[in-house]
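data-v4.pdb, holding PDB, C-alpha atoms:
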ATOM      1  CA  MET A  24      63.357 -94.512 -88.386
ATOM      2  CA  VAL A  25      66.362 -93.228 -86.832
ATOM      3  CA  ARG A  26      65.615 -90.419 -84.397
ATOM      4  CA  LYS A  27      68.083 -87.698 -84.167
ATOM      5  CA  ALA A  28      69.496 -87.270 -80.894
ATOM      6  CA  ALA A  29      68.251 -84.131 -79.184
ATOM      7  CA  THR A  30      70.765 -81.560 -78.773
ATOM      8  CA  ASN A  31      70.843 -79.327 -75.688
ATOM      9  CA  PRO A  32      70.373 -75.744 -76.627
ATOM     10  CA  LYS A  33      72.776 -73.285 -75.227
ATOM     11  CA  PRO A  34      71.497 -71.620 -72.141
ATOM     12  CA  LYS A  35      70.588 -68.007 -72.595
ATOM     13  CA  THR A  36      72.540 -65.700 -70.511
ATOM     14  CA  ARG A  37      70.620 -62.836 -68.786
ATOM     15  CA  ALA A  38      71.920 -59.447 -69.437
ATOM     16  CA  LYS A  39      73.027 -57.770 -66.297
ATOM     17  CA  PRO A  40      71.174 -54.591 -65.647
ATOM     18  CA  GLN A  41      73.249 -51.571 -66.022
ATOM     19  CA  THR A  42      73.619 -49.763 -62.799
ATOM     20  CA  LYS A  43      73.740 -46.013 -62.777
ATOM     21  CA  ALA A  44      76.910 -44.631 -61.664
ATOM     22  CA  LYS A  45      76.553 -43.281 -58.144
ATOM     23  CA  LYS A  46      77.183 -39.637 -57.738
ATOM     24  CA  PRO A  47      79.777 -38.831 -55.278
ATOM     25  CA  ALA A  48      78.271 -37.874 -51.908
ATOM     26  CA  ALA A  49      77.960 -34.165 -51.356
ATOM     27  CA  THR A  50      80.107 -32.681 -48.771
ATOM     28  CA  PRO A  51      78.375 -31.297 -45.675
ATOM     29  CA  ARG A  52      79.121 -27.705 -46.668
ATOM     30  CA  LYS A  53      77.617 -28.218 -50.094
ATOM     31  CA  ALA A  54      74.514 -29.930 -48.675
ATOM     32  CA  THR A  55      73.890 -27.028 -46.322
ATOM     33  CA  ALA A  56      74.140 -24.589 -49.212
ATOM     34  CA  GLN A  57      71.609 -26.585 -51.211
ATOM     35  CA  LYS A  58      69.094 -26.611 -48.323
ATOM     36  CA  GLN A  59      69.391 -22.849 -47.896
ATOM     37  CA  LYS A  60      68.825 -22.342 -51.598
ATOM     38  CA  ALA A  61      65.731 -24.558 -51.573
ATOM     39  CA  ALA A  62      64.310 -22.703 -48.553
ATOM     40  CA  THR A  63      64.886 -19.328 -50.215
ATOM     41  CA  ARG A  64      63.082 -20.551 -53.315
ATOM     42  CA  THR A  65      60.136 -21.720 -51.256
ATOM     43  CA  ARG A  66      59.809 -18.385 -49.458
ATOM     44  CA  ASN A  67      59.955 -16.368 -52.608
ATOM     45  CA  THR A  68      57.414 -18.484 -54.430
ATOM     46  CA  PRO A  69      53.933 -16.856 -53.997
ATOM     47  CA  VAL A  70      51.200 -19.121 -52.673
ATOM     48  CA  ARG A  71      48.223 -19.091 -54.919
ATOM     49  CA  LYS A  72      44.947 -19.331 -53.026
ATOM     50  CA  LYS A  73      42.250 -21.229 -54.698
ATOM     51  CA  LYS A  74      39.161 -19.089 -55.100
ATOM     52  CA  PRO A  75      36.021 -20.781 -53.856
ATOM     53  CA  SER A  76      33.350 -21.323 -56.380
ATOM     54  CA  ARG A  77      30.123 -19.290 -56.341
ATOM     55  CA  ALA A  78      28.181 -22.254 -54.987
ATOM     56  CA  ALA A  79      30.623 -22.704 -52.135
ATOM     57  CA  SER A  80      30.467 -18.982 -51.278
ATOM     58  CA  ARG A  81      26.689 -19.095 -51.287
ATOM     59  CA  LEU A  82      26.671 -22.092 -48.976
ATOM     60  CA  ASN A  83      29.046 -20.461 -46.498
ATOM     61  CA  TRP A  84      26.928 -17.250 -46.384
ATOM     62  CA  ARG A  85      23.832 -19.255 -45.678
ATOM     63  CA  ALA A  86      25.646 -21.070 -42.894
ATOM     64  CA  VAL A  87      26.493 -17.875 -40.955
ATOM     65  CA  SER A  88      23.381 -15.748 -41.656
ATOM     66  CA  LEU A  89      20.723 -15.235 -38.864
ATOM     67  CA  SER A  90      16.985 -15.367 -39.195
ATOM     68  CA  PRO A  91      14.980 -12.143 -38.555
ATOM     69  CA  ALA A  92      13.729 -13.537 -35.264
ATOM     70  CA  MET A  93      17.284 -14.238 -34.103
ATOM     71  CA  LEU A  94      18.392 -10.763 -35.153
ATOM     72  CA  ARG A  95      15.535  -9.200 -33.196
ATOM     73  CA  GLY A  96      16.391 -11.318 -30.180
ATOM     74  CA  ALA A  97      20.045 -10.310 -30.348
ATOM     75  CA  MET A  98      19.128  -6.626 -30.653
ATOM     76  CA  LEU A  99      16.697  -6.932 -27.746
ATOM     77  CA  LEU A 100      19.323  -8.616 -25.584
ATOM     78  CA  ALA A 101      21.830  -5.905 -26.390
ATOM     79  CA  GLY A 102      19.266  -3.222 -25.547
ATOM     80  CA  LEU A 103      18.420  -4.882 -22.252
ATOM     81  CA  MET A 104      22.067  -5.035 -21.322
ATOM     82  CA  VAL A 105      22.427  -1.324 -22.019
ATOM     83  CA  VAL A 106      19.323  -0.492 -19.988
ATOM     84  CA  ALA A 107      20.436  -2.734 -17.112
ATOM     85  CA  GLY A 108      23.783  -1.017 -17.011
ATOM     86  CA  ALA A 109      22.154   2.404 -16.992
ATOM     87  CA  LEU A 110      19.802   1.382 -14.179
ATOM     88  CA  LEU A 111      22.675   0.081 -12.073
ATOM     89  CA  TRP A 112      24.503   3.347 -12.517
ATOM     90  CA  LEU A 113      21.380   5.374 -11.694
ATOM     91  CA  LYS A 114      20.719   3.295  -8.571
ATOM     92  CA  ALA A 115      24.256   3.832  -7.333
ATOM     93  CA  TRP A 116      23.990   7.556  -8.026
ATOM     94  CA  ILE A 117      20.619   8.115  -6.379
ATOM     95  CA  SER A 118      21.559   5.995  -3.369
ATOM     96  CA  GLN A 119      23.483   9.011  -2.113
ATOM     97  CA  PRO A 120      21.109  11.280  -0.126
ATOM     98  CA  GLU A 121      22.721  14.503  -1.374
ATOM     99  CA  HIS A 122      21.478  13.816  -4.913
ATOM    100  CA  LEU A 123      17.954  15.078  -5.793
ATOM    101  CA  THR A 124      17.155  16.091  -2.221
ATOM    102  CA  ILE A 125      13.522  16.873  -1.381
ATOM    103  CA  LYS A 126      12.979  20.585  -2.000
ATOM    104  CA  GLU A 127       9.201  20.985  -1.657
ATOM    105  CA  VAL A 128       6.654  19.423   0.721
ATOM    106  CA  GLN A 129       2.980  20.033   0.018
ATOM    107  CA  TRP A 130       0.473  19.406   2.822
ATOM    108  CA  GLU A 131      -3.143  18.486   2.105
ATOM    109  CA  GLY A 132      -5.931  18.105   4.675
ATOM    110  CA  ASP A 133      -8.137  19.828   7.238
ATOM    111  CA  PHE A 134      -6.120  21.330  10.085
ATOM    112  CA  ARG A 135      -8.860  23.318  11.809
ATOM    113  CA  TYR A 136      -8.470  21.556  15.170
ATOM    114  CA  TYR A 137      -4.669  21.715  15.498
ATOM    115  CA  ASP A 138      -1.583  23.460  14.180
ATOM    116  CA  ARG A 139       0.009  22.012  11.053
ATOM    117  CA  LYS A 140       3.425  23.114  12.305
ATOM    118  CA  ASP A 141       3.294  20.231  14.781
ATOM    119  CA  LEU A 142       3.317  17.804  11.864
ATOM    120  CA  GLU A 143       6.036  19.705  10.026
ATOM    121  CA  GLN A 144       8.310  19.365  13.046
ATOM    122  CA  GLN A 145       7.604  15.644  13.220
ATOM    123  CA  ALA A 146       8.420  15.224   9.513
ATOM    124  CA  GLU A 147      11.580  17.341   9.398
ATOM    125  CA  PRO A 148      14.097  14.597  10.401
ATOM    126  CA  PHE A 149      12.812  12.328   7.621
ATOM    127  CA  LEU A 150      13.055  14.890   4.804
ATOM    128  CA  ALA A 151      16.841  15.415   4.712
ATOM    129  CA  THR A 152      17.198  12.925   1.851
ATOM    130  CA  ASN A 153      15.773  12.198  -1.598
ATOM    131  CA  LEU A 154      12.557  10.516  -2.669
ATOM    132  CA  TYR A 155      14.283   7.207  -3.371
ATOM    133  CA  LEU A 156      15.765   6.898   0.126
ATOM    134  CA  LEU A 157      12.748   8.369   1.936
ATOM    135  CA  GLU A 158      11.568   6.085   4.761
ATOM    136  CA  SER A 159       7.885   6.529   3.957
ATOM    137  CA  ALA A 160       6.503   3.926   6.383
ATOM    138  CA  GLN A 161       8.365   5.429   9.336
ATOM    139  CA  LEU A 162       7.301   8.941   8.340
ATOM    140  CA  GLU A 163       3.632   7.946   8.122
ATOM    141  CA  GLU A 164       3.838   6.226  11.497
ATOM    142  CA  ALA A 165       5.416   9.305  13.104
ATOM    143  CA  LEU A 166       2.710  11.611  11.744
ATOM    144  CA  GLU A 167      -0.134   9.276  12.693
ATOM    145  CA  ALA A 168       1.099   9.330  16.291
ATOM    146  CA  HIS A 169      -0.443  12.796  16.565
ATOM    147  CA  ASN A 170      -3.775  12.643  18.424
ATOM    148  CA  TRP A 171      -5.662  14.532  15.729
ATOM    149  CA  VAL A 172      -4.327  12.535  12.768
ATOM    150  CA  ARG A 173      -6.306   9.496  11.713
ATOM    151  CA  ASP A 174      -4.444   8.516   8.533
ATOM    152  CA  VAL A 175      -1.526   9.718   6.385
ATOM    153  CA  SER A 176      -0.614   8.901   2.792
ATOM    154  CA  LEU A 177       2.478  10.039   0.875
ATOM    155  CA  ARG A 178       2.849  10.684  -2.841
ATOM    156  CA  ARG A 179       6.205  11.210  -4.551
ATOM    157  CA  VAL A 180       6.406  13.710  -7.416
ATOM    158  CA  TRP A 181       9.768  13.272  -9.090
ATOM    159  CA  PRO A 182      12.333  14.591  -8.958
ATOM    160  CA  ASP A 183      12.098  16.507  -5.655
ATOM    161  CA  GLN A 184       8.509  17.053  -4.447
ATOM    162  CA  LEU A 185       6.567  15.213  -1.737
ATOM    163  CA  ILE A 186       2.795  15.490  -1.196
ATOM    164  CA  VAL A 187       1.536  14.598   2.295
ATOM    165  CA  SER A 188      -2.217  13.911   2.497
ATOM    166  CA  VAL A 189      -3.539  13.998   6.065
ATOM    167  CA  GLU A 190      -6.932  12.697   7.157
ATOM    168  CA  SER A 191      -7.650  14.543  10.368
ATOM    169  CA  GLN A 192     -10.049  13.349  13.031
ATOM    170  CA  ALA A 193     -13.629  14.550  12.555
ATOM    171  CA  PRO A 194     -15.181  14.628  16.045
ATOM    172  CA  ILE A 195     -18.937  14.173  16.356
ATOM    173  CA  ALA A 196     -19.178  13.849  20.146
ATOM    174  CA  PHE A 197     -17.307  14.018  23.412
ATOM    175  CA  TRP A 198     -16.454  10.624  24.860
ATOM    176  CA  GLY A 199     -16.541  11.162  28.586
ATOM    177  CA  SER A 200     -14.543  14.077  29.933
ATOM    178  CA  ASP A 201     -11.181  13.750  28.175
ATOM    179  CA  ARG A 202     -11.707  11.966  24.865
ATOM    180  CA  LEU A 203     -13.630  12.356  21.623
ATOM    181  CA  LEU A 204     -15.585  10.150  19.223
ATOM    182  CA  ASN A 205     -15.107  10.460  15.454
ATOM    183  CA  ARG A 206     -17.597   9.694  12.696
ATOM    184  CA  TYR A 207     -16.297   6.137  12.343
ATOM    185  CA  GLY A 208     -17.121   5.341  15.972
ATOM    186  CA  GLU A 209     -13.434   5.472  16.926
ATOM    187  CA  ILE A 210     -12.368   6.981  20.247
ATOM    188  CA  PHE A 211      -9.315   9.236  20.353
ATOM    189  CA  SER A 212      -7.644  11.575  22.824
ATOM    190  CA  GLY A 213      -8.372  15.251  22.400
ATOM    191  CA  SER A 214     -10.157  18.248  23.806
ATOM    192  CA  LEU A 215     -12.475  20.845  22.290
ATOM    193  CA  PRO A 216     -13.412  23.348  24.981
ATOM    194  CA  ASP A 217     -15.111  25.629  22.465
ATOM    195  CA  LYS A 218     -17.437  22.785  21.424
ATOM    196  CA  GLN A 219     -18.903  22.208  24.864
ATOM    197  CA  GLY A 220     -22.684  22.184  24.442
ATOM    198  CA  VAL A 221     -22.364  22.182  20.666
ATOM    199  CA  ILE A 222     -21.660  18.508  20.046
ATOM    200  CA  PRO A 223     -23.173  15.801  22.270
ATOM    201  CA  LEU A 224     -21.515  13.795  25.000
ATOM    202  CA  ILE A 225     -21.505  10.007  24.621
ATOM    203  CA  TYR A 226     -19.933   7.514  26.985
ATOM    204  CA  SER A 227     -19.840   3.856  27.949
ATOM    205  CA  PRO A 228     -17.350   2.128  30.262
ATOM    206  CA  GLU A 229     -17.061  -0.592  27.611
ATOM    207  CA  ASP A 230     -15.483   1.873  25.163
ATOM    208  CA  ASN A 231     -17.893   0.611  22.501
ATOM    209  CA  GLY A 232     -17.834   3.834  20.569
ATOM    210  CA  ARG A 233     -19.367   2.573  17.345
ATOM    211  CA  GLU A 234     -22.298   0.900  19.102
ATOM    212  CA  MET A 235     -23.019   3.952  21.241
ATOM    213  CA  GLY A 236     -22.784   6.204  18.203
ATOM    214  CA  GLU A 237     -25.359   4.084  16.394
ATOM    215  CA  ARG A 238     -27.652   4.224  19.438
ATOM    216  CA  TYR A 239     -27.386   7.989  19.479
ATOM    217  CA  VAL A 240     -28.358   8.235  15.815
ATOM    218  CA  GLN A 241     -31.321   5.868  16.308
ATOM    219  CA  LEU A 242     -32.606   7.828  19.302
ATOM    220  CA  MET A 243     -32.249  11.131  17.471
ATOM    221  CA  GLN A 244     -34.276   9.741  14.584
ATOM    222  CA  ALA A 245     -36.944   8.440  16.982
ATOM    223  CA  LEU A 246     -37.330  11.880  18.622
ATOM    224  CA  GLN A 247     -37.075  13.868  15.424
ATOM    225  CA  ASP A 248     -40.851  14.456  15.094
ATOM    226  CA  LEU A 249     -40.945  15.807  18.676
ATOM    227  CA  GLU A 250     -38.219  18.370  17.916
ATOM    228  CA  LEU A 251     -36.218  17.165  20.907
ATOM    229  CA  GLU A 252     -32.422  17.088  20.799
ATOM    230  CA  ILE A 253     -30.172  14.718  22.733
ATOM    231  CA  VAL A 254     -27.124  16.453  24.200
ATOM    232  CA  ALA A 255     -25.823  13.450  26.170
ATOM    233  CA  LEU A 256     -26.204   9.664  25.960
ATOM    234  CA  THR A 257     -24.469   7.465  28.512
ATOM    235  CA  GLU A 258     -24.406   3.856  29.647
ATOM    236  CA  ASP A 259     -23.399   2.741  33.151
ATOM    237  CA  GLU A 260     -21.730  -0.476  34.330
ATOM    238  CA  ARG A 261     -25.082  -2.305  34.432
ATOM    239  CA  GLY A 262     -25.858  -1.376  30.829
ATOM    240  CA  SER A 263     -28.575   1.104  31.708
ATOM    241  CA  TRP A 264     -29.086   3.968  29.216
ATOM    242  CA  GLN A 265     -29.611   7.602  30.109
ATOM    243  CA  MET A 266     -30.106  10.558  27.812
ATOM    244  CA  ARG A 267     -30.215  14.258  28.561
ATOM    245  CA  LEU A 268     -32.281  16.488  26.330
ATOM    246  CA  ARG A 269     -31.335  20.042  25.423
ATOM    247  CA  GLN A 270     -34.786  21.087  26.561
ATOM    248  CA  GLY A 271     -33.874  20.144  30.127
ATOM    249  CA  PRO A 272     -34.729  16.807  31.727
ATOM    250  CA  LEU A 273     -32.656  13.675  32.191
ATOM    251  CA  VAL A 274     -34.430  10.597  30.793
ATOM    252  CA  VAL A 275     -33.559   7.197  32.300
ATOM    253  CA  ILE A 276     -34.251   4.492  29.685
ATOM    254  CA  GLY A 277     -32.868   1.374  31.404
ATOM    255  CA  ASN A 278     -31.109  -1.710  30.104
ATOM    256  CA  LYS A 279     -33.945  -3.463  28.255
ATOM    257  CA  ASP A 280     -36.917  -2.738  25.976
ATOM    258  CA  GLN A 281     -35.394   0.623  25.069
ATOM    259  CA  ALA A 282     -37.297   1.048  21.790
ATOM    260  CA  LYS A 283     -40.655   0.236  23.434
ATOM    261  CA  ARG A 284     -39.986   2.630  26.316
ATOM    262  CA  ILE A 285     -39.069   5.446  23.911
ATOM    263  CA  GLU A 286     -42.386   5.003  22.096
ATOM    264  CA  ARG A 287     -44.205   5.152  25.422
ATOM    265  CA  PHE A 288     -42.339   8.357  26.281
ATOM    266  CA  LYS A 289     -43.328   9.930  22.958
ATOM    267  CA  VAL A 290     -47.023   9.281  23.646
ATOM    268  CA  GLY A 291     -46.798  10.744  27.172
ATOM    269  CA  TYR A 292     -44.895  13.765  25.866
ATOM    270  CA  ARG A 293     -47.555  14.633  23.328
ATOM    271  CA  GLN A 294     -50.514  14.087  25.649
ATOM    272  CA  GLU A 295     -49.302  15.356  29.002
ATOM    273  CA  LEU A 296     -45.779  16.759  29.199
ATOM    274  CA  GLN A 297     -45.173  18.976  26.196
ATOM    275  CA  ASP A 298     -46.456  22.233  27.695
ATOM    276  CA  SER A 299     -44.569  21.875  30.993
ATOM    277  CA  PHE A 300     -41.512  19.994  29.731
ATOM    278  CA  LYS A 301     -38.974  22.609  30.844
ATOM    279  CA  GLN A 302     -40.188  22.296  34.432
ATOM    280  CA  ILE A 303     -39.249  18.590  34.572
ATOM    281  CA  GLU A 304     -35.969  17.542  36.175
ATOM    282  CA  ARG A 305     -36.015  13.777  35.545
ATOM    283  CA  ILE A 306     -38.119  11.154  33.732
ATOM    284  CA  ASP A 307     -37.762   7.451  34.563
ATOM    285  CA  LEU A 308     -39.035   5.079  31.867
ATOM    286  CA  ARG A 309     -38.264   1.857  33.785
ATOM    287  CA  TYR A 310     -41.908   1.083  34.537
ATOM    288  CA  THR A 311     -44.205  -1.508  33.059
ATOM    289  CA  ASN A 312     -47.207   0.676  32.167
ATOM    290  CA  GLY A 313     -45.835   4.215  32.221
ATOM    291  CA  PHE A 314     -43.031   6.338  33.656
ATOM    292  CA  ALA A 315     -42.241   8.513  36.654
ATOM    293  CA  VAL A 316     -41.650  12.248  36.445
ATOM    294  CA  LYS A 317     -39.600  14.295  38.892
ATOM    295  CA  TRP A 318     -40.436  17.983  38.742
ATOM    296  CA  LYS A 319     -38.097  20.832  39.459
ATOM    297  CA  GLN A 320     -38.445  22.546  42.821
ATOM    298  CA  GLY A 321     -40.983  25.365  42.699
ATOM    299  CA  SER A 322     -42.638  24.211  39.488
ATOM    300  CA  LYS A 323     -46.408  23.889  39.289
ATOM    301  CA  GLY A 324     -46.216  20.156  38.891
ATOM    302  CA  ALA A 325     -44.023  19.561  41.935
ATOM    303  CA  VAL A 326     -46.712  18.411  44.323
ATOM    304  CA  GLY A 327     -44.651  15.621  45.740
ATOM    305  CA  ALA A 328     -41.616  16.207  43.573
ATOM    306  CA  VAL A 329     -42.247  12.816  41.886
ATOM    307  CA  SER A 330     -45.440  11.801  40.102
ATOM    308  CA  SER A 331     -46.498   9.235  37.534
ATOM    309  CA  LEU A 332     -48.948   9.192  34.689
ATOM    310  CA  ASP A 333     -52.501   8.481  35.896
ATOM    311  CA  SER A 334     -54.650   5.597  34.754
ATOM    312  CA  ARG A 335     -56.329   7.626  32.037
ATOM    313  CA  LEU A 336     -53.153   7.429  29.923
ATOM    314  CA  LEU A 337     -52.382   3.749  30.433
ATOM    315  CA  GLY A 338     -54.559   2.618  27.540
ATOM    316  CA  SER A 339     -52.873   4.885  25.026
ATOM    317  CA  LEU A 340     -49.375   4.133  26.348
ATOM    318  CA  GLY A 341     -49.700   0.354  26.213
ATOM    319  CA  SER A 342     -48.276  -2.157  28.586
TER     320      SER A 342
END

As structure tokens, what does this structure read like?
Amino acid sequence: MVRKAATNPKPKTRAKPQTKAKKPAATPRKATAQKQKAATRTRNTPVRKKKPSRAASRLNWRAVSLSPAMLRGAMLLAGLMVVAGALLWLKAWISQPEHLTIKEVQWEGDFRYYDRKDLEQQAEPFLATNLYLLESAQLEEALEAHNWVRDVSLRRVWPDQLIVSVESQAPIAFWGSDRLLNRYGEIFSGSLPDKQGVIPLIYSPEDNGREMGERYVQLMQALQDLELEIVALTEDERGSWQMRLRQGPLVVIGNKDQAKRIERFKVGYRQELQDSFKQIERIDLRYTNGFAVKWKQGSKGAVGAVSSLDSRLLGSLGS
């Protein structure tokens, strides 16, 4: 078979793409005018805001809401700030002594032994101010410096009243010649000339007022059934006790076995001395089995001025 010779097909020619005709370039003046027109259009065009959906609004509200506890805390903080500011203002205002000055001073206490005007004069320099600025500690110290004042307490009554409570000394005995003893056994300076012979005299060089006061009470109780009253009880440098009775004699007790010697004296008083007690000048209890008696001059018992209990009483007195 005879093959036909292959023939070359004609090559296809690609169509050239048609190019758009280029517009002539705008002149600078025209380009500027176009930009201004586009900007004017943009400004005049209203911007439409997109409304959030209900779900989105609900979520945002939940995000900014506060719990009741947080609201209470915020309100409390605000209230505290207001109060703090008011307090700062009040402190600054009352820190000036001319504001709310003290107008009334009320005195409470027993002033029978001294003049209250003495205390008023002491307090006057401290009262030219208000209750907030009052120097209470210094005022109490100044008033307690008075001999007859034992303790002072102050009470403020707002806005302008001060109450001064004074505990005055309550003397129960003279302490030596120029001091007094109060009911707490404390010794203080003072004088009571109108009480001479009314209250007892107590003294010890050791200034042990409380101990001597207790001794006085014990001795008074021991002699109560004899109806004898102690007007003086003293102790010397050696610790020896002496007591003077209102009925007359001085009784020397000594520095040991005081309770035993007092019991011995009580027995001798009942059996031998009661009827002639006012004629006795001195009784000395510092003996082992009895005591010595010194009679007043001219009394019926003053044979030798000093005598002692005879042997008939030794058994009842004890050793």

Residue among A:Tyr226, A:Phe314, A:Phe149, A:Tyr207 lying closest to Val254 in chain A, counting all atoms listed in the file = A:Tyr226

Identify, on the basis of all atoms listed in the file, every residue whose closest approach to Gln302 in chain A does not exceed 6 Å; exclude the query and any residue fewer than 3 positions from it along the same chain; express the result as a count of residues only.
-> 3

Matched chain/residue IDs from the PyMOL selection byres ((chain A and resi 162-169) around 10), as a list in words = Tyr137, Asp141, Leu142, Glu143, Gln144, Gln145, Ala146, Glu147, Pro148, Phe149, Leu150, Leu157, Glu158, Ser159, Ala160, Gln161, Asn170, Trp171, Val172, Arg173, Asp174, Val175, Ser176, Leu177, Val187, Val189, Glu190, Ser191 and Ser212 of chain A

Separation of CA of Val221 in chain A from CA of Trp130 in chain A in Å | 29.1 Å

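If all atoms listed in the file are the atoms counted, then among A:Leu308, A:Ile303, A:Val105, A:Ala255 the closest residue to Gly271 in chain A is A:Ile303.
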
For the structure shown, which residues end up in the PyMOL selection byres ((chain A and resi 260-262) around 8)? Put them as a list in words, please?
->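 That selection, the PyMOL selection byres ((chain A and resi 260-262) around 8), comes back as Ser227, Pro228, Glu258, Asp259, Ser263, Trp264, Gly277 and Asn278 of chain A.
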
Test item: the PyMOL selection byres ((chain A and resi 235-242) around 10) resolved as number ranges by chain = A: 195-196, 204-209, 223-227, 229-234, 243-247, 252-258, 264, 266, 281-282, 285

Have a look at CA of Lys317 in chain A and CA of Glu304 in chain A and let me know their distance in Å, one decimal.
-> 5.6 Å

For CA of Phe197 in chain A and CA of Lys289 in chain A, the interatomic separation in Å (one decimal) =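 Here the two named atoms are 26.3 Å from each other.
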
Min atom-atom distance to Tyr136 in chain A from the set A:Leu251, A:Ala193, A:Val275, A:Met98, counting all atoms listed in the file, belongs to A:Ala193

Protein, DNA and RNA residues within 12 Å of (-11.3, 27.2, 22.8), all atoms listed in the file, as a PyMOL selection string = chain A and resi 135-137+214-219

Which polymer residues have any atom within 6 Å of an atom of Arg202 in chain A, counting all atoms listed in the file, with same-chain residues fewer than 2 positions away left out, as a list in words?
->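 In the requested format, the answer is Trp198, Phe211, Ser212 and Gly213 of chain A.
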
Missing atoms in range 234-253 of chain A: can you complete it with N, CA and C atoms, as a PDB file, keeping the file's coordinate frame?
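Full text of result_7.pdb as output:
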ATOM      1  N   GLU A 234     -20.961   1.307  18.679  1.00  0.00           N
ATOM      2  CA  GLU A 234     -22.298   0.900  19.102  1.00  0.00           C
ATOM      3  C   GLU A 234     -23.047   2.064  19.748  1.00  0.00           C
ATOM      4  N   MET A 235     -22.370   2.811  20.595  1.00  0.00           N
ATOM      5  CA  MET A 235     -23.019   3.952  21.241  1.00  0.00           C
ATOM      6  C   MET A 235     -23.348   5.043  20.223  1.00  0.00           C
ATOM      7  N   GLY A 236     -22.496   5.229  19.247  1.00  0.00           N
ATOM      8  CA  GLY A 236     -22.784   6.204  18.203  1.00  0.00           C
ATOM      9  C   GLY A 236     -24.022   5.832  17.400  1.00  0.00           C
ATOM     10  N   GLU A 237     -24.171   4.540  17.116  1.00  0.00           N
ATOM     11  CA  GLU A 237     -25.359   4.084  16.394  1.00  0.00           C
ATOM     12  C   GLU A 237     -26.617   4.261  17.246  1.00  0.00           C
ATOM     13  N   ARG A 238     -26.509   4.014  18.555  1.00  0.00           N
ATOM     14  CA  ARG A 238     -27.652   4.224  19.438  1.00  0.00           C
ATOM     15  C   ARG A 238     -28.069   5.697  19.440  1.00  0.00           C
ATOM     16  N   TYR A 239     -27.088   6.563  19.475  1.00  0.00           N
ATOM     17  CA  TYR A 239     -27.386   7.989  19.479  1.00  0.00           C
ATOM     18  C   TYR A 239     -28.156   8.381  18.214  1.00  0.00           C
ATOM     19  N   VAL A 240     -27.688   7.912  17.081  1.00  0.00           N
ATOM     20  CA  VAL A 240     -28.358   8.235  15.815  1.00  0.00           C
ATOM     21  C   VAL A 240     -29.783   7.695  15.806  1.00  0.00           C
ATOM     22  N   GLN A 241     -29.982   6.465  16.274  1.00  0.00           N
ATOM     23  CA  GLN A 241     -31.321   5.868  16.308  1.00  0.00           C
ATOM     24  C   GLN A 241     -32.261   6.655  17.221  1.00  0.00           C
ATOM     25  N   LEU A 242     -31.758   7.069  18.384  1.00  0.00           N
ATOM     26  CA  LEU A 242     -32.606   7.828  19.302  1.00  0.00           C
ATOM     27  C   LEU A 242     -32.935   9.206  18.739  1.00  0.00           C
ATOM     28  N   MET A 243     -31.985   9.833  18.078  1.00  0.00           N
ATOM     29  CA  MET A 243     -32.249  11.131  17.471  1.00  0.00           C
ATOM     30  C   MET A 243     -33.314  11.014  16.381  1.00  0.00           C
ATOM     31  N   GLN A 244     -33.264   9.954  15.611  1.00  0.00           N
ATOM     32  CA  GLN A 244     -34.276   9.741  14.584  1.00  0.00           C
ATOM     33  C   GLN A 244     -35.645   9.476  15.201  1.00  0.00           C
ATOM     34  N   ALA A 245     -35.671   8.744  16.328  1.00  0.00           N
ATOM     35  CA  ALA A 245     -36.944   8.440  16.982  1.00  0.00           C
ATOM     36  C   ALA A 245     -37.593   9.700  17.555  1.00  0.00           C
ATOM     37  N   LEU A 246     -36.794  10.664  18.001  1.00  0.00           N
ATOM     38  CA  LEU A 246     -37.330  11.880  18.622  1.00  0.00           C
ATOM     39  C   LEU A 246     -37.434  13.057  17.656  1.00  0.00           C
ATOM     40  N   GLN A 247     -37.122  12.784  16.398  1.00  0.00           N
ATOM     41  CA  GLN A 247     -37.075  13.868  15.424  1.00  0.00           C
ATOM     42  C   GLN A 247     -38.427  14.580  15.281  1.00  0.00           C
ATOM     43  N   ASP A 248     -39.533  13.839  15.269  1.00  0.00           N
ATOM     44  CA  ASP A 248     -40.851  14.456  15.094  1.00  0.00           C
ATOM     45  C   ASP A 248     -41.295  15.243  16.323  1.00  0.00           C
ATOM     46  N   LEU A 249     -40.615  15.038  17.469  1.00  0.00           N
ATOM     47  CA  LEU A 249     -40.945  15.807  18.676  1.00  0.00           C
ATOM     48  C   LEU A 249     -40.095  17.075  18.792  1.00  0.00           C
ATOM     49  N   GLU A 250     -39.137  17.230  17.895  1.00  0.00           N
ATOM     50  CA  GLU A 250     -38.219  18.370  17.916  1.00  0.00           C
ATOM     51  C   GLU A 250     -37.449  18.441  19.229  1.00  0.00           C
ATOM     52  N   LEU A 251     -37.047  17.259  19.708  1.00  0.00           N
ATOM     53  CA  LEU A 251     -36.218  17.165  20.907  1.00  0.00           C
ATOM     54  C   LEU A 251     -34.802  16.772  20.489  1.00  0.00           C
ATOM     55  N   GLU A 252     -33.817  17.348  21.149  1.00  0.00           N
ATOM     56  CA  GLU A 252     -32.422  17.088  20.799  1.00  0.00           C
ATOM     57  C   GLU A 252     -31.693  16.467  21.980  1.00  0.00           C
ATOM     58  N   ILE A 253     -30.951  15.401  21.697  1.00  0.00           N
ATOM     59  CA  ILE A 253     -30.172  14.718  22.733  1.00  0.00           C
ATOM     60  C   ILE A 253     -28.802  15.374  22.826  1.00  0.00           C
TER      61      ILE A 253
END
